[in-house]
Amino acid sequence: MNFCKRTDLILVLITAVVTTSILGFALSNQVVAQINGTQQQNQMDYTGFHSNIEQIIAHLEKAEYNKFFNNNTLTLGHALHPIEEVLTLVTIPLSTADSNLNDTYFKDLYQLSALASPGNSTVDEFDNKSKSSIELSNEVVATVIPATVLSTTEHNVSVIKDLLTISGSEYKEGVAGGNIILELEYQDGSAFMDRAYTLFNNTQNISNDTQSVTKLLSDFSNLTDSVQSLKEPAVIDQIIQKMNIGLSPNDNSTTSDVSSSQTSQDYIDTIRGLLNEVITAYESNDKIKAKELTTIAYLDNFEYIEASIGKELSDRGEALLREKLREQIDGNASIDEIKQNIADINKVLDDSAGFLDSNPK
């Protein structure tokens, strides 16, 4: 994913559009979750929700880090990523649980992103605001996820595994040949790993086997060292898969196993299905759901094929799916405009499938 620098004016416009879209549509009382490419279910995906909030916290921590070192571009990048890519996925369950907190959370993250723009805050001001936003993020988790779920080892392990798997995907985008090629994605990967480690340390009784816990701690250390040494993504993936198995030794259906069994064509097929659902949701005037599905199509599917299809197709798909389609939904585009853009996205998917057939790995 390529980061484009935003101006304060754009931030204000985005805030207005999103706020209008949220207030303009009634939210369903039934929470429908579809995270990480899974099928829609009439139940809450607590793992996906918690993982998404942990990713937001990771971005905020990295924004703090970069602000301290006076890197305005990366500070703004990490402050904007939760808004651009994750916030849509948590809106429906949070609004269902507490609509006032949902509004507060949206406004808070937009305020932080405004402070991230060069010259809009001192290091101390930004640090205080980001810490406040992290506290609010933790409140969001506690509000949506029942304490009876949040306190279980099973739940926390599932979130740790999800964070590790996503971190590997981000790292793969950011590093190649022992060099950082996309700094923002590299930092995303390491930040998600840090959140997984924090959650691991905060989880009581993660295993009754002291030797297993010691081994997992050693694996976390190895993962951190390997990331800092810019080891090849394949090496990082192997470590993560090993850790996911170690976290659930009796469970053969780890998140990483599911992800690794998915082919590029599987992701392409999933994207096509999600785009059809976007049209259905938009025609039903459910713009929140349409935007959520768009985010899932990009974040949980297209990102997984970007490295395989080459820069030209990756850039085309990102511009149409991640940027244009979301902007059209926010801007109340006509259904014909939405359908035309989706047709253009499907053309990119056709070209991607052809490229993959001609360049098998």
# chains A, B, ... in the order shown; residues from 1 in each chain; ligands from 1
$ select_by_dssp --residues "segment 28-275 of chain A" --states "strand (DSSP E or B)" --output "number ranges by chain"
A: 33, 41, 175-176, 179-180
$ write_last_selection --atoms "all heavy atoms" --output "PDB file, in the first residue's frame"
ATOM      1  N   ALA A  33     -20.287  -9.778  10.981  1.00  0.00           N
ATOM      2  CA  ALA A  33     -18.838  -9.626  10.901  1.00  0.00           C
ATOM      3  C   ALA A  33     -18.288 -10.378   9.717  1.00  0.00           C
ATOM      4  O   ALA A  33     -18.706 -11.479   9.419  1.00  0.00           O
ATOM      5  CB  ALA A  33     -18.189 -10.161  12.182  1.00  0.00           C
ATOM      6  N   GLN A  41     -21.257 -13.991   9.009  1.00  0.00           N
ATOM      7  CA  GLN A  41     -21.914 -14.806  10.005  1.00  0.00           C
ATOM      8  C   GLN A  41     -22.799 -13.910  10.848  1.00  0.00           C
ATOM      9  O   GLN A  41     -22.503 -12.752  11.079  1.00  0.00           O
ATOM     10  CB  GLN A  41     -20.882 -15.494  10.913  1.00  0.00           C
ATOM     11  CG  GLN A  41     -19.896 -16.363  10.165  1.00  0.00           C
ATOM     12  CD  GLN A  41     -18.820 -16.890  11.098  1.00  0.00           C
ATOM     13  OE1 GLN A  41     -18.917 -16.761  12.311  1.00  0.00           O
ATOM     14  NE2 GLN A  41     -17.812 -17.486  10.537  1.00  0.00           N
ATOM     15  N   VAL A 175       9.766  -5.432   2.956  1.00  0.00           N
ATOM     16  CA  VAL A 175      11.165  -5.875   2.910  1.00  0.00           C
ATOM     17  C   VAL A 175      11.390  -6.831   1.750  1.00  0.00           C
ATOM     18  O   VAL A 175      10.566  -7.709   1.483  1.00  0.00           O
ATOM     19  CB  VAL A 175      11.557  -6.567   4.238  1.00  0.00           C
ATOM     20  CG1 VAL A 175      12.966  -7.140   4.153  1.00  0.00           C
ATOM     21  CG2 VAL A 175      11.456  -5.592   5.400  1.00  0.00           C
ATOM     22  N   ALA A 176      12.500  -6.656   1.068  1.00  0.00           N
ATOM     23  CA  ALA A 176      12.896  -7.573  -0.005  1.00  0.00           C
ATOM     24  C   ALA A 176      14.408  -7.505  -0.175  1.00  0.00           C
ATOM     25  O   ALA A 176      15.000  -6.418  -0.135  1.00  0.00           O
ATOM     26  CB  ALA A 176      12.205  -7.219  -1.321  1.00  0.00           C
ATOM     27  N   ASN A 179      16.571  -5.490   2.253  1.00  0.00           N
ATOM     28  CA  ASN A 179      16.424  -4.034   2.288  1.00  0.00           C
ATOM     29  C   ASN A 179      14.971  -3.652   2.562  1.00  0.00           C
ATOM     30  O   ASN A 179      14.043  -4.381   2.193  1.00  0.00           O
ATOM     31  CB  ASN A 179      16.847  -3.411   0.955  1.00  0.00           C
ATOM     32  CG  ASN A 179      18.315  -3.628   0.661  1.00  0.00           C
ATOM     33  OD1 ASN A 179      19.183  -3.223   1.428  1.00  0.00           O
ATOM     34  ND2 ASN A 179      18.602  -4.285  -0.458  1.00  0.00           N
ATOM     35  N   ILE A 180      14.793  -2.501   3.203  1.00  0.00           N
ATOM     36  CA  ILE A 180      13.450  -1.960   3.401  1.00  0.00           C
ATOM     37  C   ILE A 180      13.035  -1.248   2.121  1.00  0.00           C
ATOM     38  O   ILE A 180      13.690  -0.298   1.691  1.00  0.00           O
ATOM     39  CB  ILE A 180      13.416  -0.980   4.585  1.00  0.00           C
ATOM     40  CG1 ILE A 180      13.749  -1.707   5.891  1.00  0.00           C
ATOM     41  CG2 ILE A 180      12.047  -0.320   4.692  1.00  0.00           C
ATOM     42  CD1 ILE A 180      13.860  -0.787   7.096  1.00  0.00           C
TER      43      ILE A 180
END
$ select_by_dssp --residues "segment 68-189 of chain A" --states "alpha helix (DSSP H)" --output "PyMOL selection string"
chain A and resi 68+72-81+87-97+99-116+123-144+147-150+153-174+183-189
$ atom_distance --atom1 "atom CA of Asn120 of chain A" --atom2 "atom CA of Gln187 of chain A"
23.0 Å
$ closest_residue --among "A:Ser158, A:Thr143, A:Ser308, A:Thr270" --to "Phe200 of chain A" --atoms "only C-alpha atoms"
A:Ser158
$ closest_residue --among "A:Lys311, A:His59, A:Lys287, A:Lys215" --to "Glu84 of chain A" --atoms "only C-alpha atoms"
A:His59
$ closest_residue --among "A:Leu164, A:Ile239, A:Ala333, A:Ile83" --to "Glu283 of chain A" --atoms "only C-alpha atoms"
A:Ala333
$ atom_distance --atom1 "atom CA of Asp219 of chain A" --atom2 "atom CA of Thr47 of chain A"
22.4 Å
$ residues_around --residues "Lys289 of chain A" --least-positions-apart "6" --cutoff "9 Å" --atoms "only C-alpha atoms" --output "list of chain:residue names"
A:Thr88, A:Ile92, A:Val278, A:Ala281, A:Tyr282
$ closest_residue --among "A:Thr203, A:Ser130, A:Ser95, A:Asn346" --to "Ile268 of chain A" --atoms "only C-alpha atoms"
A:Asn346
$ atom_distance --atom1 "atom CA of Ser218 of chain A" --atom2 "atom CA of Ile53 of chain A"
26.1 Å
